[in-house]
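Q: Structure supplied as coords.cif; contents: mmCIF, C-alpha atoms and all ligand atoms.
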data_query
#
loop_
_atom_site.label_atom_id
_atom_site.label_comp_id
_atom_site.auth_asym_id
_atom_site.auth_seq_id
_atom_site.Cartn_x
_atom_site.Cartn_y
_atom_site.Cartn_z
CA MET R 1440 -39.63 7.55 26.67
CA LYS R 1441 -42.15 8.54 24.01
CA LYS R 1442 -40.17 9.81 21.01
CA VAL R 1443 -41.45 11.55 17.89
CA VAL R 1444 -39.50 12.34 14.72
CA LEU R 1445 -40.41 15.76 13.40
CA VAL R 1446 -39.77 16.55 9.75
CA TYR R 1447 -38.22 19.94 10.37
CA SER R 1448 -37.41 22.88 8.08
CA GLY R 1449 -36.94 25.53 10.76
CA GLY R 1450 -39.89 27.51 9.40
CA LEU R 1451 -42.95 28.67 11.28
CA ASP R 1452 -45.20 25.62 10.80
CA THR R 1453 -42.61 23.05 11.80
CA SER R 1454 -41.16 25.15 14.63
CA ILE R 1455 -44.41 25.40 16.53
CA CYS R 1456 -44.73 21.62 16.26
CA ILE R 1457 -41.89 21.29 18.78
CA PRO R 1458 -43.74 22.65 21.84
CA MET R 1459 -47.00 21.20 20.53
CA MET R 1460 -45.64 17.65 20.39
CA LYS R 1461 -44.75 17.87 24.06
CA GLU R 1462 -47.63 19.91 25.42
CA GLU R 1463 -50.54 18.72 23.30
CA TYR R 1464 -49.48 15.29 22.10
CA GLY R 1465 -47.72 14.01 25.20
CA TYR R 1466 -44.29 13.17 23.80
CA ASP R 1467 -41.27 13.23 26.10
CA SER R 1468 -38.77 14.00 23.40
CA VAL R 1469 -38.77 15.45 19.91
CA VAL R 1470 -36.20 14.48 17.30
CA THR R 1471 -35.88 17.06 14.53
CA VAL R 1472 -34.68 16.05 11.07
CA THR R 1473 -33.70 18.71 8.54
CA VAL R 1474 -32.92 17.47 5.06
CA ASP R 1475 -30.57 19.57 2.98
CA VAL R 1476 -31.92 19.58 -0.57
CA GLY R 1477 -30.12 22.76 -1.50
CA GLN R 1478 -31.96 25.39 0.50
CA PRO R 1479 -29.65 28.24 1.58
CA ALA R 1480 -26.92 27.10 3.97
CA SER R 1481 -28.10 29.80 6.37
CA ASP R 1482 -31.53 28.10 6.60
CA ILE R 1483 -29.92 24.78 7.45
CA ALA R 1484 -27.74 26.41 10.10
CA GLU R 1485 -30.70 28.35 11.46
CA ALA R 1486 -32.80 25.20 11.76
CA ALA R 1487 -30.02 23.51 13.73
CA GLU R 1488 -29.62 26.58 15.91
CA LYS R 1489 -33.34 26.76 16.70
CA ALA R 1490 -33.46 23.04 17.41
CA LYS R 1491 -30.68 23.56 19.94
CA ILE R 1492 -32.52 26.45 21.59
CA MET R 1493 -35.65 24.34 21.85
CA GLY R 1494 -33.77 21.32 23.11
CA THR R 1495 -34.49 18.68 20.49
CA GLU R 1496 -32.20 15.89 19.36
CA HIS R 1497 -31.34 17.27 15.92
CA TYR R 1498 -30.16 15.67 12.68
CA THR R 1499 -29.14 17.43 9.47
CA VAL R 1500 -29.02 15.11 6.50
CA ASP R 1501 -27.15 16.28 3.40
CA ALA R 1502 -29.14 14.90 0.47
CA LYS R 1503 -28.25 17.49 -2.19
CA ASP R 1504 -26.44 15.17 -4.59
CA GLU R 1505 -29.01 12.45 -4.25
CA PHE R 1506 -31.77 14.99 -4.79
CA VAL R 1507 -30.29 16.30 -8.02
CA LYS R 1508 -29.35 12.91 -9.48
CA ASP R 1509 -32.31 10.78 -8.48
CA TYR R 1510 -35.11 13.32 -8.25
CA CYS R 1511 -34.44 16.47 -10.30
CA PHE R 1512 -32.89 14.66 -13.24
CA LYS R 1513 -35.70 12.10 -13.30
CA ALA R 1514 -38.11 15.02 -13.51
CA LEU R 1515 -35.96 16.52 -16.26
CA GLN R 1516 -36.04 13.32 -18.29
CA ALA R 1517 -39.83 13.33 -17.94
CA ASN R 1518 -39.98 17.00 -19.04
CA ALA R 1519 -41.92 17.50 -15.82
CA LEU R 1520 -44.04 20.63 -15.77
CA TYR R 1521 -47.33 20.69 -13.87
CA GLN R 1522 -49.38 23.63 -15.14
CA GLY R 1523 -46.10 25.37 -15.98
CA TYR R 1524 -44.40 24.55 -12.63
CA PRO R 1525 -41.34 22.25 -12.60
CA ILE R 1526 -42.64 20.46 -9.44
CA SER R 1527 -39.58 21.47 -7.42
CA THR R 1528 -41.25 21.30 -4.00
CA SER R 1529 -43.19 18.18 -4.96
CA ILE R 1530 -40.16 16.03 -5.79
CA ALA R 1531 -38.26 16.96 -2.63
CA ARG R 1532 -40.97 15.63 -0.30
CA PRO R 1533 -40.50 11.91 -0.97
CA LEU R 1534 -36.76 12.23 -0.35
CA ILE R 1535 -37.38 14.19 2.86
CA SER R 1536 -39.74 11.44 4.08
CA ALA R 1537 -37.21 8.79 3.18
CA LYS R 1538 -34.50 10.50 5.21
CA ALA R 1539 -36.82 11.00 8.20
CA VAL R 1540 -37.65 7.30 8.05
CA GLU R 1541 -33.93 6.42 7.98
CA VAL R 1542 -33.37 8.43 11.16
CA ALA R 1543 -36.45 6.92 12.83
CA LYS R 1544 -35.30 3.39 12.02
CA LYS R 1545 -31.91 4.09 13.52
CA LEU R 1546 -33.55 5.35 16.71
CA GLY R 1547 -36.16 2.62 16.80
CA ALA R 1548 -38.97 5.19 16.57
CA ASN R 1549 -42.11 4.95 14.49
CA ALA R 1550 -44.00 8.13 15.40
CA PHE R 1551 -43.68 11.12 13.10
CA ALA R 1552 -44.91 14.69 12.89
CA HIS R 1553 -44.89 17.23 10.08
CA GLY R 1554 -45.96 20.83 9.64
CA CYS R 1555 -48.10 20.50 6.51
CA THR R 1556 -51.47 22.17 6.43
CA GLY R 1557 -54.63 20.32 5.50
CA LYS R 1558 -55.10 22.42 2.38
CA GLY R 1559 -51.92 21.64 0.46
CA ASN R 1560 -50.29 18.77 -1.38
CA ASP R 1561 -47.34 18.22 0.90
CA GLN R 1562 -49.37 16.27 3.48
CA PHE R 1563 -50.02 13.62 0.81
CA ARG R 1564 -46.39 13.43 -0.30
CA ILE R 1565 -44.87 13.27 3.19
CA GLU R 1566 -47.37 10.80 4.63
CA PHE R 1567 -47.43 8.50 1.59
CA GLY R 1568 -43.63 8.34 1.81
CA ILE R 1569 -43.57 7.48 5.49
CA TYR R 1570 -46.35 4.89 5.31
CA ALA R 1571 -44.75 3.28 2.24
CA LEU R 1572 -41.27 3.09 3.73
CA LEU R 1573 -42.19 2.34 7.34
CA PRO R 1574 -45.60 0.62 7.43
CA GLY R 1575 -47.44 0.89 10.71
CA SER R 1576 -46.08 4.35 11.52
CA THR R 1577 -48.11 6.91 13.44
CA ILE R 1578 -48.14 10.36 11.84
CA HIS R 1579 -49.25 13.61 13.46
CA ALA R 1580 -50.13 16.72 11.49
CA PRO R 1581 -50.88 19.36 14.16
CA ILE R 1582 -51.56 22.25 11.78
CA ARG R 1583 -54.20 20.18 10.01
CA GLU R 1584 -55.53 18.37 13.07
CA LYS R 1585 -56.04 21.58 15.04
CA ASN R 1586 -57.14 23.58 12.01
CA LEU R 1587 -54.57 26.32 12.72
CA THR R 1588 -54.09 29.61 10.87
CA ARG R 1589 -50.73 31.28 10.36
CA VAL R 1590 -51.79 34.30 12.40
CA TRP R 1591 -52.60 31.99 15.32
CA GLU R 1592 -49.26 30.20 14.80
CA ILE R 1593 -47.29 33.45 14.97
CA GLU R 1594 -48.98 34.41 18.24
CA TYR R 1595 -48.44 30.91 19.65
CA ALA R 1596 -44.77 31.02 18.67
CA GLN R 1597 -44.34 34.38 20.40
CA LYS R 1598 -46.08 33.06 23.52
CA LYS R 1599 -43.96 29.91 23.65
CA GLY R 1600 -40.67 31.67 22.87
CA VAL R 1601 -40.24 29.86 19.57
CA PRO R 1602 -37.84 31.94 17.44
CA ILE R 1603 -39.42 32.81 14.06
CA LYS R 1604 -38.71 35.22 11.21
CA GLN R 1605 -42.29 35.86 10.13
CA SER R 1606 -44.25 38.78 11.42
CA LEU R 1607 -47.87 39.61 10.76
CA GLU R 1608 -46.68 41.81 7.85
CA LYS R 1609 -44.05 39.54 6.32
CA ILE R 1610 -45.94 36.34 6.19
CA TRP R 1611 -44.46 34.72 3.04
CA SER R 1612 -44.31 30.97 3.18
CA ILE R 1613 -41.19 29.94 1.30
CA ASP R 1614 -39.99 26.52 0.28
CA GLU R 1615 -36.60 26.19 -1.32
CA ASN R 1616 -34.39 23.55 -2.89
CA VAL R 1617 -31.93 23.53 -5.82
CA TRP R 1618 -34.70 22.84 -8.32
CA GLY R 1619 -36.74 25.88 -7.32
CA ARG R 1620 -38.02 28.36 -4.82
CA SER R 1621 -41.71 28.70 -4.11
CA ILE R 1622 -43.28 31.69 -2.45
CA GLU R 1623 -46.85 31.86 -1.26
CA GLY R 1624 -49.05 33.36 1.43
CA GLY R 1625 -49.91 36.87 2.54
CA ARG R 1626 -51.25 39.11 -0.19
CA LEU R 1627 -49.72 36.82 -2.81
CA GLU R 1628 -52.80 34.67 -2.30
CA GLU R 1629 -54.83 37.30 -4.17
CA PRO R 1630 -54.74 36.26 -7.83
CA ASN R 1631 -54.65 39.88 -8.94
CA PHE R 1632 -51.94 41.15 -6.56
CA ALA R 1633 -48.72 41.85 -8.50
CA PRO R 1634 -45.78 40.06 -6.83
CA PRO R 1635 -43.55 42.65 -5.12
CA GLU R 1636 -39.86 42.57 -6.09
CA GLU R 1637 -38.91 41.64 -2.50
CA ILE R 1638 -40.21 38.07 -2.84
CA PHE R 1639 -37.55 37.21 -5.45
CA GLN R 1640 -34.07 36.11 -4.44
CA TRP R 1641 -32.70 34.00 -7.26
CA THR R 1642 -33.82 36.03 -10.25
CA LYS R 1643 -33.19 39.60 -11.27
CA SER R 1644 -36.15 41.48 -12.62
CA PRO R 1645 -35.89 41.62 -16.43
CA LYS R 1646 -35.50 45.39 -16.05
CA ASN R 1647 -32.33 45.01 -13.97
CA ALA R 1648 -30.91 42.03 -15.83
CA SER R 1649 -27.72 42.45 -17.84
CA ASN R 1650 -27.97 44.28 -21.17
CA ASP R 1651 -25.73 41.70 -22.81
CA GLY R 1652 -27.72 38.58 -21.96
CA ALA R 1653 -25.97 35.23 -22.00
CA GLU R 1654 -25.43 32.39 -24.42
CA VAL R 1655 -25.36 28.97 -22.73
CA LEU R 1656 -24.34 25.64 -24.21
CA ILE R 1657 -25.76 22.66 -22.34
CA GLU R 1658 -24.33 19.23 -23.03
CA PHE R 1659 -26.35 16.07 -22.38
CA GLU R 1660 -25.36 12.41 -22.23
CA LYS R 1661 -28.28 9.98 -22.32
CA GLY R 1662 -30.70 12.61 -21.11
CA ILE R 1663 -28.43 13.79 -18.26
CA PRO R 1664 -26.77 17.22 -18.32
CA VAL R 1665 -23.00 16.77 -18.04
CA GLY R 1666 -21.50 20.13 -18.95
CA ILE R 1667 -22.03 23.83 -19.52
CA ASN R 1668 -20.23 26.00 -22.06
CA GLY R 1669 -17.79 23.24 -22.94
CA LYS R 1670 -16.83 22.51 -19.34
CA LYS R 1671 -17.75 19.16 -17.75
CA MET R 1672 -19.39 19.51 -14.35
CA GLY R 1673 -21.03 17.39 -11.69
CA ALA R 1674 -24.82 17.24 -11.43
CA LEU R 1675 -25.22 19.58 -8.47
CA GLU R 1676 -22.69 22.07 -9.86
CA ILE R 1677 -24.59 22.25 -13.16
CA VAL R 1678 -27.86 23.07 -11.45
CA GLN R 1679 -26.23 25.60 -9.12
CA SER R 1680 -24.42 27.41 -11.92
CA LEU R 1681 -27.51 27.54 -14.11
CA ASN R 1682 -29.50 28.98 -11.23
CA LYS R 1683 -26.94 31.79 -11.17
CA ILE R 1684 -26.58 32.34 -14.94
CA ALA R 1685 -30.28 32.16 -15.77
CA GLY R 1686 -31.31 33.96 -12.58
CA ASP R 1687 -29.00 36.86 -13.41
CA ASN R 1688 -30.78 37.14 -16.74
CA GLY R 1689 -34.22 37.20 -15.17
CA VAL R 1690 -35.14 33.74 -16.44
CA GLY R 1691 -37.25 31.35 -14.36
CA ARG R 1692 -39.98 33.42 -12.75
CA ILE R 1693 -43.36 31.70 -12.77
CA ASP R 1694 -46.69 33.10 -11.60
CA ILE R 1695 -49.58 30.67 -11.97
CA MET R 1696 -52.94 29.62 -10.67
CA GLU R 1697 -52.32 26.05 -9.59
CA ASP R 1698 -54.91 23.31 -9.16
CA ARG R 1699 -54.02 21.51 -5.98
CA MET R 1700 -54.92 17.90 -5.32
CA LEU R 1701 -57.82 18.85 -3.09
CA GLY R 1702 -59.39 20.92 -5.83
CA LEU R 1703 -58.35 24.34 -4.53
CA LYS R 1704 -57.05 26.81 -7.06
CA VAL R 1705 -54.13 28.61 -5.46
CA ARG R 1706 -51.92 31.41 -6.70
CA GLU R 1707 -48.27 30.34 -6.73
CA ASN R 1708 -45.04 32.17 -7.43
CA TYR R 1709 -41.85 30.31 -8.24
CA GLU R 1710 -38.27 31.03 -9.20
CA CYS R 1711 -36.77 28.07 -11.06
CA PRO R 1712 -33.95 29.37 -13.27
CA ALA R 1713 -31.94 26.15 -13.65
CA ALA R 1714 -34.97 23.88 -13.92
CA MET R 1715 -36.62 25.98 -16.64
CA THR R 1716 -33.37 26.28 -18.60
CA LEU R 1717 -32.61 22.56 -18.43
CA LEU R 1718 -36.19 21.58 -19.28
CA THR R 1719 -36.13 23.81 -22.35
CA ALA R 1720 -32.78 22.44 -23.51
CA HIS R 1721 -33.71 18.81 -22.82
CA GLN R 1722 -36.94 19.03 -24.77
CA ALA R 1723 -35.16 20.72 -27.69
CA LEU R 1724 -32.70 17.83 -27.83
CA GLU R 1725 -35.45 15.20 -27.66
CA ASN R 1726 -37.18 16.92 -30.56
CA LEU R 1727 -34.01 16.45 -32.61
CA VAL R 1728 -33.39 12.77 -31.87
CA LEU R 1729 -36.67 11.02 -31.09
CA THR R 1730 -39.07 9.86 -33.78
CA ARG R 1731 -42.42 11.55 -34.19
CA GLN R 1732 -44.07 8.43 -32.73
CA GLU R 1733 -41.78 8.40 -29.71
CA ILE R 1734 -42.38 12.09 -29.03
CA LYS R 1735 -46.14 11.69 -29.19
CA PHE R 1736 -46.25 8.69 -26.88
CA LYS R 1737 -43.58 9.99 -24.53
CA HIS R 1738 -45.66 13.12 -24.02
CA LEU R 1739 -48.41 10.95 -22.48
CA VAL R 1740 -45.93 9.06 -20.32
CA ASP R 1741 -44.30 12.33 -19.21
CA GLN R 1742 -47.64 13.79 -18.19
CA GLU R 1743 -48.60 10.69 -16.24
CA TRP R 1744 -45.20 10.65 -14.50
CA THR R 1745 -45.50 14.35 -13.65
CA ASN R 1746 -48.95 13.92 -12.15
CA MET R 1747 -47.82 10.99 -10.05
CA ALA R 1748 -44.80 12.95 -8.81
CA TYR R 1749 -46.97 15.99 -8.09
CA GLU R 1750 -49.34 13.81 -6.10
CA GLY R 1751 -46.50 12.22 -4.17
CA LEU R 1752 -47.02 8.70 -5.52
CA TRP R 1753 -43.25 8.37 -5.72
CA TRP R 1754 -43.11 4.73 -4.63
CA ASP R 1755 -45.97 3.45 -6.77
CA PRO R 1756 -44.86 0.65 -9.12
CA LEU R 1757 -46.50 2.37 -12.10
CA LYS R 1758 -43.99 5.17 -11.67
CA ASP R 1759 -41.15 2.64 -12.00
CA ASN R 1760 -42.75 1.26 -15.14
CA LEU R 1761 -43.05 4.72 -16.67
CA GLU R 1762 -39.42 5.38 -15.77
CA ALA R 1763 -38.36 2.21 -17.56
CA PHE R 1764 -39.94 3.55 -20.74
CA ILE R 1765 -38.45 6.99 -20.24
CA ALA R 1766 -34.98 5.54 -19.61
CA SER R 1767 -35.12 3.59 -22.85
CA THR R 1768 -35.91 6.77 -24.82
CA GLN R 1769 -33.03 8.65 -23.17
CA LYS R 1770 -30.33 6.38 -24.64
CA ARG R 1771 -30.16 8.66 -27.69
CA VAL R 1772 -30.67 11.99 -25.90
CA THR R 1773 -27.01 12.91 -26.24
CA GLY R 1774 -25.81 16.17 -27.69
CA THR R 1775 -25.60 19.90 -27.10
CA VAL R 1776 -28.22 22.65 -27.03
CA ARG R 1777 -27.52 26.37 -27.29
CA LEU R 1778 -29.77 28.83 -25.50
CA ASN R 1779 -29.93 32.60 -25.47
CA LEU R 1780 -31.03 34.21 -22.24
CA TYR R 1781 -31.95 37.83 -22.32
CA LYS R 1782 -33.89 39.95 -19.82
CA GLY R 1783 -36.31 37.27 -18.74
CA SER R 1784 -36.66 35.51 -22.08
CA MET R 1785 -35.11 32.25 -23.20
CA GLN R 1786 -34.67 31.06 -26.77
CA VAL R 1787 -33.18 27.89 -28.19
CA SER R 1788 -30.77 28.97 -30.92
CA GLY R 1789 -29.18 25.64 -31.87
CA ARG R 1790 -28.92 21.91 -31.20
CA GLU R 1791 -26.69 19.05 -32.36
CA SER R 1792 -26.45 15.33 -31.70
CA PRO R 1793 -24.82 12.24 -33.18
CA TRP R 1794 -28.36 10.78 -33.03
CA ALA R 1795 -30.05 13.64 -34.90
CA LEU R 1796 -32.82 12.35 -37.16
CA TYR R 1797 -32.06 15.19 -39.50
CA ASN R 1798 -30.64 14.76 -42.95
CA ALA R 1799 -29.75 18.00 -44.72
CA ASP R 1800 -29.58 16.20 -48.01
CA LEU R 1801 -33.22 15.10 -47.67
CA ALA R 1802 -34.78 18.14 -46.02
CA SER R 1803 -33.12 21.02 -47.83
CA PHE R 1804 -34.86 23.26 -50.40
CA ASP R 1805 -31.72 23.00 -52.46
CA THR R 1806 -31.23 19.28 -53.08
CA GLN R 1807 -32.92 16.64 -55.22
CA THR R 1808 -32.07 13.50 -53.24
CA PHE R 1809 -35.63 13.43 -52.02
CA ASP R 1810 -37.52 13.27 -55.32
CA GLN R 1811 -40.48 15.60 -54.76
CA ARG R 1812 -42.47 13.82 -57.44
CA GLU R 1813 -42.72 10.75 -55.17
CA SER R 1814 -45.03 12.72 -52.86
CA THR R 1815 -47.78 13.14 -55.45
CA GLY R 1816 -49.56 9.86 -54.66
CA MET R 1817 -49.54 10.39 -50.91
CA VAL R 1818 -50.80 13.96 -51.24
CA LYS R 1819 -53.66 12.73 -53.40
CA ILE R 1820 -54.92 10.04 -51.02
CA PHE R 1821 -54.09 11.73 -47.73
CA GLY R 1822 -57.28 12.63 -45.83
CA MET R 1823 -59.38 10.42 -48.11
CA GLN R 1824 -62.28 9.98 -45.68
CA SER R 1825 -62.44 13.68 -44.87
CA LYS R 1826 -62.64 14.48 -48.56
CA MET R 1827 -65.45 11.93 -49.00
CA TYR R 1828 -67.33 13.59 -46.14
CA HIS R 1829 -67.07 17.01 -47.74
CA SER R 1830 -68.29 15.76 -51.08
CA LEU R 1831 -71.28 14.04 -49.41
CA LYS R 1832 -72.06 17.18 -47.39
CA SER R 1833 -72.14 19.33 -50.48
CA LYS R 1834 -74.73 16.95 -52.05
CA MET R 1835 -77.08 16.78 -48.99
N1 LIG C 1 -47.88 24.28 -4.60
C1 LIG C 1 -46.58 23.72 -4.70
C2 LIG C 1 -46.63 22.22 -4.64
O1 LIG C 1 -47.63 21.70 -4.26
C3 LIG C 1 -45.57 24.31 -3.77
C4 LIG C 1 -45.91 24.42 -2.32
C5 LIG C 1 -44.80 25.14 -1.66
N2 LIG C 1 -44.93 25.37 -0.28
C6 LIG C 1 -44.62 26.55 0.32
N3 LIG C 1 -44.66 26.61 1.61
N4 LIG C 1 -44.30 27.63 -0.34
O2 LIG C 1 -45.71 21.54 -5.00
#
Can I see the file as structure tokens?
A:
Amino acid sequence: MKKVVLVYSGGLDTSICIPMMKEEYGYDSVVTVTVDVGQPASDIAEAAEKAKIMGTEHYTVDAKDEFVKDYCFKALQANALYQGYPISTSIARPLISAKAVEVAKKLGANAFAHGCTGKGNDQFRIEFGIYALLPGSTIHAPIREKNLTRVWEIEYAQKKGVPIKQSLEKIWSIDENVWGRSIEGGRLEEPNFAPPEEIFQWTKSPKNASNDGAEVLIEFEKGIPVGINGKKMGALEIVQSLNKIAGDNGVGRIDIMEDRMLGLKVRENYECPAAMTLLTAHQALENLVLTRQEIKFKHLVDQEWTNMAYEGLWWDPLKDNLEAFIASTQKRVTGTVRLNLYKGSMQVSGRESPWALYNADLASFDTQTFDQRESTGMVKIFGMQSKMYHSLKSKM
């Protein structure tokens, strides 16, 4: 029995892989693995339903809590934004590979298939994960290997009786998890095509958002969000409720040109209400408690971490080393941040922490504890070499 484990979302690309694995790749049986990272429950159910129709051995793995705690919150601590995108799809891929590998190991299989195209980043993330966690695996990528287009895929699906939602008009490719929702494809690929309202599901348009806005208090302990508006909550619950609160206020829409790993510039639309809110609050708190030196250096570490996560190098030892540094900075990132959300905008309006490096007595206009006269010497010699340069220049 030749068995292949298919990393399965229930979408178009992965669904056509089921008949393909049998007819084109010669497998006797296909095992489908759908990992729940917080996509809508209806998608999970639909994937299972389709798998049943197409006669695969199907596994649904609930990884929502693990995803939030070990993936989203690591990205949060690293202030992870790649070109303005909170890498929501990127960080789910390593976990999805890990779960597929777990199923394969249980079944004694080591052949895999996935539905990534040869143009995107996901092929790197999924395959790196599988090779790292189960060396010697065989991985098939039919969309890439056969150079398929989505139009061809839709026709193939219709011919093979594969149930799909896409039509030649509604061709959006959507990837969803609790950290964000990404929408691409169809006319959205045109950089100058304004995203139609119908692509958004988590965020109201600023026009239709509430007239009152919302004030949100986010509480952190050691760089981890632990409560909202004075109420303690679990990790997943925090992210889910912020998706609702911020989404209702039109916060979290992102429309960017993204530089993919292969060098392609691609237009991407995202909805990431909770991620954007938490990232804003977390950074505001770091700016209150970390020293200027820590902030400057951490920025470099954060960027390196974000790039590695974007590129799917999740199990590279350098990433662990960067995380060790990040973790040591987070010990003091405890406190509360207040945000105002209003019709698509988000503003920090307050922050407090027992670790605040702020001393009212020193910084205020109204006190004399910091003797201003002490600054005179430093002001005089600051920028000494630059001043020398200007005096030389004026003589030349
Ligand atoms: N460009 C993003 C990334 O590389 C998201 C890709 C999302 N995929 C999708 N089918 N919408 O992380």
Q: Interatomic distance between atom CA of R:Lys1441 and atom CA of R:Thr1556?
A: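 It comes out at 24.1 Å.
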Q: Which residue gives the smallest distance to ligand LIG 1 (chain C) among R:Phe1639, R:Tyr1510, R:Tyr1521, R:Trp1753, with all atoms listed in the file counted?
A: R:Tyr1521
Q: I'd like the contact shell of stretch 1444-1461 of chain R - 6 Å cut-off, only C-alpha atoms, skipping same-chain residues fewer than 6 positions apart - returned as a list of chain:residue names.
A: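 Neighbouring residues, sequence-local ones excluded: R:Val1470, R:Thr1471, R:Val1472, R:Thr1473, R:Ala1486, R:Phe1551, R:Ala1552, R:His1553, R:Gly1554.
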Q: Give the answer as one residue: which of R:Phe1804, R:Tyr1797, R:Phe1821, R:Tyr1749 has the shortest atom-to-atom distance to ligand LIG 1 (chain C), using all atoms listed in the file?
A: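 The closest residue to ligand LIG 1 (chain C) is R:Tyr1749.
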Q: What is the atom CA of R:Leu1703 to atom CA of R:Asn1560 distance in Å?
A: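 A separation of 10.3 Å between them.
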Q: Using only C-alpha atoms, which residues sit within 8 Å of R:Ala1653 once same-chain residues fewer than 2 positions away are excluded, as a compact mmCIF listing (two decimals) with C-alpha atoms, in the coordinates of the input?
A:
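The resulting part.txt:
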# COMPACT_ATOMS: atom_id res chain seq x y z
CA ASP R 1651 -25.73 41.70 -22.81
CA VAL R 1655 -25.36 28.97 -22.73
CA ILE R 1684 -26.58 32.34 -14.94
CA ASN R 1688 -30.78 37.14 -16.74
CA ASN R 1779 -29.93 32.60 -25.47
CA LEU R 1780 -31.03 34.21 -22.24
CA TYR R 1781 -31.95 37.83 -22.32
Q: Select the residues contacting ligand LIG 1 (chain C) at a distance of at most 8 Å, based on all atoms listed in the file, then format the selection as a list of chain:residue names.
A: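 Within the 8 Å cut-off, the matching residues are R:Ile1526, R:Ser1527, R:Thr1528, R:Ser1529, R:Ile1530, R:Gly1559, R:Asn1560, R:Asp1561, R:Trp1611, R:Ser1612, R:Ile1613, R:Asp1614, R:Glu1615, R:Arg1620, R:Ser1621, R:Ile1622, R:Glu1623, R:Gly1624, R:Glu1697, R:Arg1699, R:Val1705, R:Glu1707, R:Tyr1749.
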Q: Based on the selection just made, write C-alpha atoms of those residues as an mmCIF file, keeping the file's coordinate frame.
A:
data_model
loop_
_atom_site.group_PDB
_atom_site.id
_atom_site.type_symbol
_atom_site.label_atom_id
_atom_site.label_comp_id
_atom_site.auth_asym_id
_atom_site.auth_seq_id
_atom_site.Cartn_x
_atom_site.Cartn_y
_atom_site.Cartn_z
ATOM 1 C CA ILE R 1526 -42.640 20.460 -9.440
ATOM 2 C CA SER R 1527 -39.580 21.470 -7.420
ATOM 3 C CA THR R 1528 -41.250 21.300 -4.000
ATOM 4 C CA SER R 1529 -43.190 18.180 -4.960
ATOM 5 C CA ILE R 1530 -40.160 16.030 -5.790
ATOM 6 C CA GLY R 1559 -51.920 21.640 0.460
ATOM 7 C CA ASN R 1560 -50.290 18.770 -1.380
ATOM 8 C CA ASP R 1561 -47.340 18.220 0.900
ATOM 9 C CA TRP R 1611 -44.460 34.720 3.040
ATOM 10 C CA SER R 1612 -44.310 30.970 3.180
ATOM 11 C CA ILE R 1613 -41.190 29.940 1.300
ATOM 12 C CA ASP R 1614 -39.990 26.520 0.280
ATOM 13 C CA GLU R 1615 -36.600 26.190 -1.320
ATOM 14 C CA ARG R 1620 -38.020 28.360 -4.820
ATOM 15 C CA SER R 1621 -41.710 28.700 -4.110
ATOM 16 C CA ILE R 1622 -43.280 31.690 -2.450
ATOM 17 C CA GLU R 1623 -46.850 31.860 -1.260
ATOM 18 C CA GLY R 1624 -49.050 33.360 1.430
ATOM 19 C CA GLU R 1697 -52.320 26.050 -9.590
ATOM 20 C CA ARG R 1699 -54.020 21.510 -5.980
ATOM 21 C CA VAL R 1705 -54.130 28.610 -5.460
ATOM 22 C CA GLU R 1707 -48.270 30.340 -6.730
ATOM 23 C CA TYR R 1749 -46.970 15.990 -8.090
#
Q: Using all atoms listed in the file for the distances, tell me which of R:Met1827, R:Val1507, R:Ile1677, R:Val1740 is nearest to R:Lys1758.
A: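 Looking only at the distances to R:Lys1758, the closest residue turns out to be R:Val1740.
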Q: Please provide the set of residues having any atom within 12 Å of R:Glu1676, restricted to all atoms listed in the file, with same-chain residues fewer than 5 positions apart removed, written as a ChimeraX atom specification.
A: /R:1477,1503-1504,1507-1508,1617,1664-1667,1670-1671,1681-1683,1713
Q: Could you tell me which of R:Trp1744, R:Trp1794, R:Tyr1464, R:Phe1506 comes closest to R:Glu1762 if we count only C-alpha atoms?
A: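 The answer is R:Trp1744, which sits nearest to R:Glu1762.
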Q: Using all atoms listed in the file, determine which residues lie at most 8 Å from R:Val1540, disregarding the query and same-chain residues fewer than 3 positions distant; provide the list as a ChimeraX atom specification.
A: /R:1536-1537,1543-1544,1569,1572-1573
Q: From the options R:Arg1532, R:Arg1692, R:Lys1737, R:Lys1819, which residue's atoms come nearest to R:Met1785, counting all atoms listed in the file?
A: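 Between R:Arg1532, R:Arg1692, R:Lys1737, R:Lys1819, the residue approaching R:Met1785 most closely is R:Arg1692.
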Q: What is the atom CA of R:Tyr1498 to atom CA of R:Ile1535 distance in Å?
A: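 A separation of 12.3 Å between them.
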Q: Residues within 12 Å of R:Ala1763, please, as a list in words. Count all atoms listed in the file; anything in the same chain fewer than 3 positions from it doesn't count.
A: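 With the cut-off at 12 Å, the set is Lys1513, Gln1516, Ala1517, Lys1737, Val1740, Asp1741, Trp1744, Pro1756, Leu1757, Lys1758, Asp1759, Asn1760, Ala1766, Ser1767, Thr1768, Gln1769 and Lys1770 of chain R.
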Q: Store the residues picked out above in a file with C-alpha atoms, as a CSV table (one decimal), in the frame of the given file.
A:
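Ended up saving to selection_16.csv:
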chain,number,residue,atom,x,y,z
R,1513,LYS,CA,-35.7,12.1,-13.3
R,1516,GLN,CA,-36.0,13.3,-18.3
R,1517,ALA,CA,-39.8,13.3,-17.9
R,1737,LYS,CA,-43.6,10.0,-24.5
R,1740,VAL,CA,-45.9,9.1,-20.3
R,1741,ASP,CA,-44.3,12.3,-19.2
R,1744,TRP,CA,-45.2,10.6,-14.5
R,1756,PRO,CA,-44.9,0.6,-9.1
R,1757,LEU,CA,-46.5,2.4,-12.1
R,1758,LYS,CA,-44.0,5.2,-11.7
R,1759,ASP,CA,-41.2,2.6,-12.0
R,1760,ASN,CA,-42.8,1.3,-15.1
R,1766,ALA,CA,-35.0,5.5,-19.6
R,1767,SER,CA,-35.1,3.6,-22.8
R,1768,THR,CA,-35.9,6.8,-24.8
R,1769,GLN,CA,-33.0,8.6,-23.2
R,1770,LYS,CA,-30.3,6.4,-24.6
